[in-house]
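The data block below is protein05.cif; it holds mmCIF, C-alpha atoms.
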data_structure
loop_
_atom_site.group_PDB
_atom_site.id
_atom_site.type_symbol
_atom_site.label_atom_id
_atom_site.label_comp_id
_atom_site.auth_asym_id
_atom_site.auth_seq_id
_atom_site.Cartn_x
_atom_site.Cartn_y
_atom_site.Cartn_z
ATOM 1 C CA MET S 45 33.441 97.097 123.938
ATOM 2 C CA SER S 46 34.743 95.334 127.054
ATOM 3 C CA ARG S 47 33.947 91.690 127.689
ATOM 4 C CA THR S 48 32.083 92.781 130.811
ATOM 5 C CA THR S 49 29.884 95.105 128.752
ATOM 6 C CA GLU S 50 29.122 92.325 126.253
ATOM 7 C CA GLU S 51 28.030 90.048 129.080
ATOM 8 C CA ILE S 52 25.915 92.766 130.674
ATOM 9 C CA HIS S 53 24.061 93.235 127.388
ATOM 10 C CA SER S 54 23.276 89.528 127.078
ATOM 11 C CA GLN S 55 21.101 89.452 130.198
ATOM 12 C CA PRO S 56 17.536 89.901 128.849
ATOM 13 C CA GLU S 57 17.870 86.843 126.595
ATOM 14 C CA LEU S 58 19.330 84.759 129.407
ATOM 15 C CA TRP S 59 16.608 85.714 131.878
ATOM 16 C CA ARG S 60 14.001 84.570 129.376
ATOM 17 C CA ARG S 61 15.754 81.208 129.050
ATOM 18 C CA VAL S 62 15.247 80.363 132.723
ATOM 19 C CA ALA S 63 11.583 79.708 131.991
ATOM 20 C CA SER S 64 12.651 76.396 130.451
ATOM 21 C CA VAL S 65 14.875 75.315 133.366
ATOM 22 C CA ASP S 66 13.471 72.540 135.553
ATOM 23 C CA THR S 67 12.660 73.774 139.072
ATOM 24 C CA SER S 68 11.943 70.352 140.596
ATOM 25 C CA ALA S 69 15.315 70.239 142.388
ATOM 26 C CA LEU S 70 14.504 73.389 144.372
ATOM 27 C CA PRO S 71 13.400 72.991 148.003
ATOM 28 C CA ALA S 72 9.686 72.594 148.656
ATOM 29 C CA PRO S 73 7.958 75.896 149.505
ATOM 30 C CA ASP S 74 7.454 74.933 153.168
ATOM 31 C CA GLN S 75 11.071 73.951 153.839
ATOM 32 C CA ARG S 76 13.423 75.936 156.035
ATOM 33 C CA ILE S 77 16.450 76.679 153.897
ATOM 34 C CA ALA S 78 19.829 78.332 154.011
ATOM 35 C CA VAL S 79 21.302 79.779 150.830
ATOM 36 C CA ILE S 80 25.074 80.021 150.776
ATOM 37 C CA GLY S 81 27.258 82.203 148.575
ATOM 38 C CA CYS S 82 30.376 84.329 148.567
ATOM 39 C CA GLY S 83 30.599 87.881 147.257
ATOM 40 C CA THR S 84 27.997 88.494 144.578
ATOM 41 C CA SER S 85 26.399 85.093 145.176
ATOM 42 C CA TRP S 86 25.822 86.009 148.820
ATOM 43 C CA PHE S 87 23.970 89.159 147.794
ATOM 44 C CA MET S 88 21.836 87.199 145.325
ATOM 45 C CA ALA S 89 21.089 84.810 148.193
ATOM 46 C CA GLN S 90 19.953 87.748 150.322
ATOM 47 C CA ALA S 91 17.526 88.898 147.632
ATOM 48 C CA TYR S 92 16.105 85.420 147.047
ATOM 49 C CA CYS S 93 15.747 84.565 150.725
ATOM 50 C CA SER S 94 13.934 87.806 151.480
ATOM 51 C CA MET S 95 11.508 87.239 148.609
ATOM 52 C CA ARG S 96 11.043 83.544 149.441
ATOM 53 C CA THR S 97 10.186 84.247 153.066
ATOM 54 C CA ALA S 98 7.746 86.970 152.030
ATOM 55 C CA VAL S 99 6.032 84.741 149.463
ATOM 56 C CA THR S 100 6.007 81.343 151.204
ATOM 57 C CA GLY S 101 6.317 82.240 154.875
ATOM 58 C CA ALA S 102 9.055 79.619 155.208
ATOM 59 C CA PRO S 103 12.244 80.749 156.976
ATOM 60 C CA SER S 104 14.965 81.375 154.405
ATOM 61 C CA TYR S 105 18.424 82.463 155.538
ATOM 62 C CA ALA S 106 21.287 83.868 153.469
ATOM 63 C CA TYR S 107 24.818 83.215 154.697
ATOM 64 C CA THR S 108 28.274 83.806 153.400
ATOM 65 C CA ALA S 109 29.917 80.403 153.326
ATOM 66 C CA THR S 110 32.244 80.765 156.301
ATOM 67 C CA GLU S 111 29.475 82.067 158.578
ATOM 68 C CA PHE S 112 26.907 79.313 158.059
ATOM 69 C CA PRO S 113 26.139 77.913 161.546
ATOM 70 C CA TYR S 114 24.864 74.513 160.322
ATOM 71 C CA SER S 115 21.665 75.218 162.210
ATOM 72 C CA ASP S 116 18.348 73.421 161.897
ATOM 73 C CA VAL S 117 17.421 73.756 158.224
ATOM 74 C CA ASP S 118 15.848 71.284 155.838
ATOM 75 C CA THR S 119 18.027 72.067 152.835
ATOM 76 C CA VAL S 120 21.140 74.058 152.038
ATOM 77 C CA VAL S 121 21.357 75.725 148.623
ATOM 78 C CA CYS S 122 24.866 76.675 147.485
ATOM 79 C CA LEU S 123 25.188 79.296 144.768
ATOM 80 C CA SER S 124 28.544 79.430 142.953
ATOM 81 C CA ARG S 125 29.224 80.580 139.401
ATOM 82 C CA SER S 126 32.315 78.436 138.921
ATOM 83 C CA GLY S 127 31.589 75.728 141.474
ATOM 84 C CA THR S 128 35.227 75.979 142.524
ATOM 85 C CA THR S 129 35.106 78.474 145.410
ATOM 86 C CA THR S 130 36.856 76.771 148.310
ATOM 87 C CA GLU S 131 34.489 77.967 151.034
ATOM 88 C CA VAL S 132 31.412 76.801 149.095
ATOM 89 C CA VAL S 133 32.939 73.399 148.350
ATOM 90 C CA ASP S 134 33.656 73.089 152.076
ATOM 91 C CA VAL S 135 29.980 73.738 152.879
ATOM 92 C CA LEU S 136 28.929 71.042 150.419
ATOM 93 C CA LYS S 137 31.345 68.599 152.041
ATOM 94 C CA LYS S 138 30.246 69.398 155.587
ATOM 95 C CA THR S 139 26.524 69.265 154.822
ATOM 96 C CA ARG S 140 27.053 65.882 153.165
ATOM 97 C CA GLU S 141 28.888 64.671 156.268
ATOM 98 C CA ALA S 142 26.153 66.059 158.542
ATOM 99 C CA GLY S 143 23.355 64.497 156.513
ATOM 100 C CA ILE S 144 21.849 67.862 155.572
ATOM 101 C CA PRO S 145 20.392 67.751 152.037
ATOM 102 C CA ASN S 146 22.097 70.194 149.697
ATOM 103 C CA LEU S 147 21.738 71.660 146.224
ATOM 104 C CA LEU S 148 24.400 73.348 144.101
ATOM 105 C CA ILE S 149 23.410 75.981 141.537
ATOM 106 C CA THR S 150 26.321 76.705 139.221
ATOM 107 C CA ALA S 151 27.350 77.532 135.669
ATOM 108 C CA VAL S 152 30.065 74.878 135.420
ATOM 109 C CA SER S 153 29.748 71.148 135.951
ATOM 110 C CA PRO S 154 31.337 68.855 136.822
ATOM 111 C CA GLY S 155 33.464 70.770 139.300
ATOM 112 C CA PRO S 156 35.094 70.283 142.707
ATOM 113 C CA GLY S 157 31.737 70.606 144.449
ATOM 114 C CA THR S 158 29.831 68.216 142.208
ATOM 115 C CA PRO S 159 30.759 65.000 144.071
ATOM 116 C CA PHE S 160 29.406 66.476 147.315
ATOM 117 C CA ALA S 161 26.141 67.887 145.917
ATOM 118 C CA ASP S 162 22.960 65.856 146.366
ATOM 119 C CA LYS S 163 21.395 67.781 143.488
ATOM 120 C CA GLU S 164 22.773 70.203 140.938
ATOM 121 C CA ILE S 165 21.184 72.834 138.707
ATOM 122 C CA VAL S 166 23.552 73.909 135.941
ATOM 123 C CA LEU S 167 22.899 77.254 134.245
ATOM 124 C CA ASP S 168 25.738 76.777 131.780
ATOM 125 C CA PHE S 169 24.135 79.108 129.232
ATOM 126 C CA ALA S 170 24.738 81.980 131.664
ATOM 127 C CA ASP S 171 28.427 81.301 132.292
ATOM 128 C CA GLU S 172 30.755 84.227 131.726
ATOM 129 C CA GLN S 173 34.430 84.929 131.228
ATOM 130 C CA SER S 174 34.642 88.147 133.218
ATOM 131 C CA VAL S 175 36.106 88.241 136.694
ATOM 132 C CA VAL S 176 33.323 90.617 137.756
ATOM 133 C CA GLN S 177 30.034 88.716 137.956
ATOM 134 C CA THR S 178 27.057 90.146 136.129
ATOM 135 C CA ARG S 179 24.931 87.835 133.993
ATOM 136 C CA PHE S 180 25.286 84.564 135.886
ATOM 137 C CA ALA S 181 24.267 86.200 139.142
ATOM 138 C CA THR S 182 21.201 87.941 137.739
ATOM 139 C CA THR S 183 20.169 84.895 135.700
ATOM 140 C CA ALA S 184 20.400 82.645 138.736
ATOM 141 C CA LEU S 185 18.352 85.153 140.724
ATOM 142 C CA ALA S 186 15.786 85.432 137.922
ATOM 143 C CA PHE S 187 15.490 81.631 137.971
ATOM 144 C CA LEU S 188 15.037 81.529 141.734
ATOM 145 C CA LEU S 189 12.590 84.440 141.841
ATOM 146 C CA GLY S 190 10.681 83.020 138.896
ATOM 147 C CA SER S 191 10.012 79.890 140.945
ATOM 148 C CA LEU S 192 8.214 82.190 143.409
ATOM 149 C CA GLY S 193 5.965 83.772 140.785
ATOM 150 C CA PHE S 194 8.183 86.757 139.952
ATOM 151 C CA ASP S 195 7.440 88.119 136.457
ATOM 152 C CA VAL S 196 10.736 87.400 134.712
ATOM 153 C CA GLU S 197 9.451 88.480 131.292
ATOM 154 C CA ALA S 198 8.516 91.931 132.609
ATOM 155 C CA ALA S 199 11.946 92.223 134.219
ATOM 156 C CA ALA S 200 13.622 91.211 130.948
ATOM 157 C CA SER S 201 11.670 93.851 129.049
ATOM 158 C CA ASP S 202 12.730 96.458 131.590
ATOM 159 C CA CYS S 203 16.295 95.186 131.305
ATOM 160 C CA GLU S 204 16.227 96.067 127.614
ATOM 161 C CA ARG S 205 15.217 99.590 128.623
ATOM 162 C CA ALA S 206 18.056 99.705 131.144
ATOM 163 C CA LEU S 207 20.514 98.716 128.424
ATOM 164 C CA ALA S 208 19.250 101.501 126.153
ATOM 165 C CA THR S 209 19.365 104.185 128.855
ATOM 166 C CA GLU S 210 22.054 106.833 128.449
ATOM 167 C CA ILE S 211 24.400 107.005 131.438
ATOM 168 C CA PRO S 212 24.752 110.646 132.544
ATOM 169 C CA GLU S 213 28.336 111.823 132.748
ATOM 170 C CA ARG S 214 27.733 113.057 136.292
ATOM 171 C CA TRP S 215 26.966 109.465 137.365
ATOM 172 C CA ALA S 216 30.258 108.288 135.932
ATOM 173 C CA LYS S 217 32.105 111.089 137.707
ATOM 174 C CA ALA S 218 30.204 111.151 141.012
ATOM 175 C CA GLU S 219 32.532 111.227 143.999
ATOM 176 C CA GLN S 220 30.552 108.650 145.977
ATOM 177 C CA ILE S 221 27.410 106.513 145.647
ATOM 178 C CA THR S 222 25.193 105.083 148.379
ATOM 179 C CA PHE S 223 22.794 102.327 147.309
ATOM 180 C CA LEU S 224 19.605 101.670 149.289
ATOM 181 C CA GLY S 225 16.945 98.976 149.170
ATOM 182 C CA THR S 226 14.041 97.499 151.094
ATOM 183 C CA GLY S 227 13.048 93.859 151.449
ATOM 184 C CA TRP S 228 14.481 91.760 148.655
ATOM 185 C CA THR S 229 16.136 94.782 147.033
ATOM 186 C CA ILE S 230 18.564 95.192 149.927
ATOM 187 C CA GLY S 231 20.552 92.371 148.338
ATOM 188 C CA LEU S 232 20.475 94.259 145.032
ATOM 189 C CA ALA S 233 21.748 97.414 146.732
ATOM 190 C CA ASN S 234 24.612 95.447 148.272
ATOM 191 C CA GLU S 235 25.452 93.964 144.875
ATOM 192 C CA ALA S 236 25.319 97.322 143.065
ATOM 193 C CA ALA S 237 27.759 98.765 145.571
ATOM 194 C CA LEU S 238 30.056 95.778 145.149
ATOM 195 C CA LYS S 239 29.997 96.086 141.339
ATOM 196 C CA CYS S 240 31.155 99.686 141.495
ATOM 197 C CA ARG S 241 33.906 98.830 143.975
ATOM 198 C CA GLU S 242 35.119 95.886 141.916
ATOM 199 C CA ALA S 243 35.007 97.400 138.457
ATOM 200 C CA SER S 244 35.971 101.003 139.186
ATOM 201 C CA GLN S 245 37.564 101.105 142.643
ATOM 202 C CA SER S 246 34.759 103.463 143.674
ATOM 203 C CA TRP S 247 33.738 104.543 147.151
ATOM 204 C CA THR S 248 30.292 103.011 147.539
ATOM 205 C CA GLU S 249 28.105 102.034 150.470
ATOM 206 C CA ALA S 250 24.846 100.104 150.796
ATOM 207 C CA TYR S 251 22.146 100.011 153.468
ATOM 208 C CA PRO S 252 18.532 99.101 154.079
ATOM 209 C CA ALA S 253 16.733 102.269 153.018
ATOM 210 C CA MET S 254 15.219 102.987 156.413
ATOM 211 C CA GLU S 255 18.668 102.890 158.004
ATOM 212 C CA TYR S 256 19.944 105.683 155.791
ATOM 213 C CA ARG S 257 18.683 108.429 158.075
ATOM 214 C CA HIS S 258 20.283 106.748 161.088
ATOM 215 C CA GLY S 259 23.772 107.942 160.187
ATOM 216 C CA PRO S 260 24.754 107.212 156.568
ATOM 217 C CA ILE S 261 23.003 110.335 155.261
ATOM 218 C CA SER S 262 25.750 112.323 156.982
ATOM 219 C CA ILE S 263 28.090 111.754 154.016
ATOM 220 C CA ALA S 264 25.565 112.989 151.414
ATOM 221 C CA GLN S 265 26.598 116.192 149.682
ATOM 222 C CA PRO S 266 26.753 117.771 146.207
ATOM 223 C CA GLY S 267 28.586 115.586 143.706
ATOM 224 C CA ARG S 268 27.444 112.363 145.359
ATOM 225 C CA LEU S 269 24.548 110.020 144.539
ATOM 226 C CA THR S 270 21.941 108.298 146.692
ATOM 227 C CA TRP S 271 20.484 105.468 144.600
ATOM 228 C CA VAL S 272 17.259 103.829 145.781
ATOM 229 C CA PHE S 273 16.021 100.482 144.470
ATOM 230 C CA GLY S 274 12.235 100.426 144.413
ATOM 231 C CA LYS S 275 10.010 102.857 146.292
ATOM 232 C CA VAL S 276 11.640 105.789 148.065
ATOM 233 C CA PRO S 277 10.570 105.902 151.734
ATOM 234 C CA GLU S 278 8.252 108.746 152.624
ATOM 235 C CA GLY S 279 10.058 112.012 153.309
ATOM 236 C CA MET S 280 13.456 110.731 152.166
ATOM 237 C CA ALA S 281 13.496 112.533 148.807
ATOM 238 C CA ASP S 282 13.200 115.926 150.504
ATOM 239 C CA GLN S 283 15.888 115.039 153.039
ATOM 240 C CA ILE S 284 18.297 113.949 150.312
ATOM 241 C CA ALA S 285 17.563 117.083 148.302
ATOM 242 C CA ALA S 286 18.477 119.168 151.346
ATOM 243 C CA THR S 287 21.949 117.595 151.397
ATOM 244 C CA GLY S 288 22.695 118.555 147.802
ATOM 245 C CA ALA S 289 23.214 114.921 146.787
ATOM 246 C CA GLU S 290 21.391 113.564 143.732
ATOM 247 C CA LEU S 291 18.602 111.069 144.324
ATOM 248 C CA VAL S 292 18.586 108.323 141.685
ATOM 249 C CA THR S 293 15.307 106.416 141.298
ATOM 250 C CA SER S 294 13.701 104.501 138.470
ATOM 251 C CA ASP S 295 10.426 102.932 137.399
ATOM 252 C CA LEU S 296 12.391 99.943 136.112
ATOM 253 C CA ASN S 297 11.928 96.568 137.728
ATOM 254 C CA PRO S 298 14.570 96.471 140.499
ATOM 255 C CA LEU S 299 16.402 93.556 138.844
ATOM 256 C CA ALA S 300 16.667 95.621 135.663
ATOM 257 C CA GLN S 301 17.769 98.595 137.737
ATOM 258 C CA LEU S 302 20.673 96.457 138.941
ATOM 259 C CA VAL S 303 21.718 96.093 135.310
ATOM 260 C CA LEU S 304 21.722 99.879 135.022
ATOM 261 C CA ALA S 305 23.997 99.984 138.067
ATOM 262 C CA GLN S 306 26.286 97.425 136.398
ATOM 263 C CA ARG S 307 26.567 99.749 133.420
ATOM 264 C CA VAL S 308 27.356 102.667 135.715
ATOM 265 C CA ALA S 309 30.154 100.597 137.283
ATOM 266 C CA VAL S 310 31.674 100.054 133.833
ATOM 267 C CA ALA S 311 31.231 103.729 132.899
ATOM 268 C CA ARG S 312 32.985 104.762 136.096
ATOM 269 C CA ALA S 313 35.845 102.363 135.377
ATOM 270 C CA GLU S 314 36.298 103.704 131.878
ATOM 271 C CA ASP S 315 36.116 107.301 133.112
ATOM 272 C CA ARG S 316 39.015 106.501 135.454
ATOM 273 C CA GLY S 317 41.044 104.813 132.742
ATOM 274 C CA LEU S 318 40.495 101.360 134.256
ATOM 275 C CA ASN S 319 39.693 98.128 132.436
ATOM 276 C CA PRO S 320 36.590 96.550 133.998
ATOM 277 C CA ASP S 321 37.699 93.172 132.630
ATOM 278 C CA THR S 322 40.794 93.165 134.843
ATOM 279 C CA PRO S 323 39.735 94.412 138.314
ATOM 280 C CA ARG S 324 42.521 95.016 140.790
ATOM 281 C CA HIS S 325 43.400 92.164 143.184
ATOM 282 C CA LEU S 326 40.541 89.927 141.990
ATOM 283 C CA THR S 327 40.304 86.542 140.303
ATOM 284 C CA ARG S 328 37.331 84.707 138.782
ATOM 285 C CA SER S 329 37.155 82.325 141.742
ATOM 286 C CA VAL S 330 38.714 82.305 145.195
ATOM 287 C CA ILE S 331 40.544 78.998 145.636
ATOM 288 C CA LEU S 332 42.330 78.711 148.957
ATOM 289 C CA LYS S 333 45.339 76.492 149.489
#

Here is a file; write its structure as structure tokens.
Amino acid sequence: MSRTTEEIHSQPELWRRVASVDTSALPAPDQRIAVIGCGTSWFMAQAYCSMRTAVTGAPSYAYTATEFPYSDVDTVVCLSRSGTTTEVVDVLKKTREAGIPNLLITAVSPGPGTPFADKEIVLDFADEQSVVQTRFATTALAFLLGSLGFDVEAAASDCERALATEIPERWAKAEQITFLGTGWTIGLANEAALKCREASQSWTEAYPAMEYRHGPISIAQPGRLTWVFGKVPEGMADQIAATGAELVTSDLNPLAQLVLAQRVAVARAEDRGLNPDTPRHLTRSVILK
């Protein structure tokens, strides 16, 4: 069993542990916030910000670190597994200099960003050795969503089902996969696509579900998958069936469905003779010199 697979299978227990993590450092529900991350962390930020805006009504913006405009927000939340990513550390430094309150959520502390963080939430129990992020990202998202009333226990139970689900060989061998989501699950679709690219060098794409018929459906054909997180938009199932592509849906909680997608990424890597623990061209953290 690969290290990545071991870490994927640890997720239900870790999600349940977030119930005991103090949420008092999180921004107040009425604050305008920006959540900053790179790669996987950016996609988790997208999911959280969409859910937070829907639940609280407070503007919540997700930015990749280099694109944050330092606009009028009350708090900046930086999400970084290692706490060493250069671009995230730079945001912490600049927000400190600008007098913008910030919070770092990480698995490792102290780190290069710690001296510049006004507050820090350390999810060290969810740290991982793999280059490809799985359990830290989902645990951090479960923590953030849980603070909004999301049923983490139900998601963890569904995650156990996702871990017991047999991966069809045709999913491992599919020529191409397009992941779709709506609302907060758009971030999950983006992350699922990234996991397959990272672990298995797969051709994957991701879109808001309602955008799929505005062009991306043109690549659907037999031997390819269209994977929808959450409810399938009306009429889309018939349109996908007409292309010959396979529609993948699930009654699993979307966060648990992401775990299923993580397992598919590993299965695709193994089918191609690749080691998901050593993805091509990637390192655990991007540290720029």

Using all atoms listed in the file, which residues sit within 10 Å of stretch 213-218 of chain S once same-chain residues fewer than 3 positions away are excluded, as a list in words?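 That gives Glu210, Ile221, Ser244, Ser246, Trp247, Pro266, Gly267, Arg268, Leu269, Ala289, Glu290, Val292, Ala305, Arg307, Val308, Ala309, Val310, Ala311, Arg312, Ala313, Glu314, Asp315 and Arg316 of chain S.
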
Please, what distance in Å, to one decimal, runs between atom CA of S:Leu70 and atom CA of S:Thr119?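 Between atom CA of S:Leu70 and atom CA of S:Thr119 the gap is 9.3 Å.
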
Provide the atom CA of S:Thr287 to atom CA of S:Pro212 distance in Å, to one decimal place. 20.3 Å

Please determine, counting all atoms listed in the file, which residue among S:Thr84, S:Thr327, S:Thr67, S:Ala300 has the shortest atom-to-atom distance to S:Glu204.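 Among the listed residues, the smallest separation from S:Glu204 belongs to S:Ala300.
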
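The gap separating atom CA of S:Ser294 from atom CA of S:Gly81 is 28.0 Å, in Å to one decimal.
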
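Closest approach to S:Lys239 from the set S:Ser94, S:Thr209, S:Thr48, S:Asn297 is made by S:Thr48, with distances taken over all atoms listed in the file.
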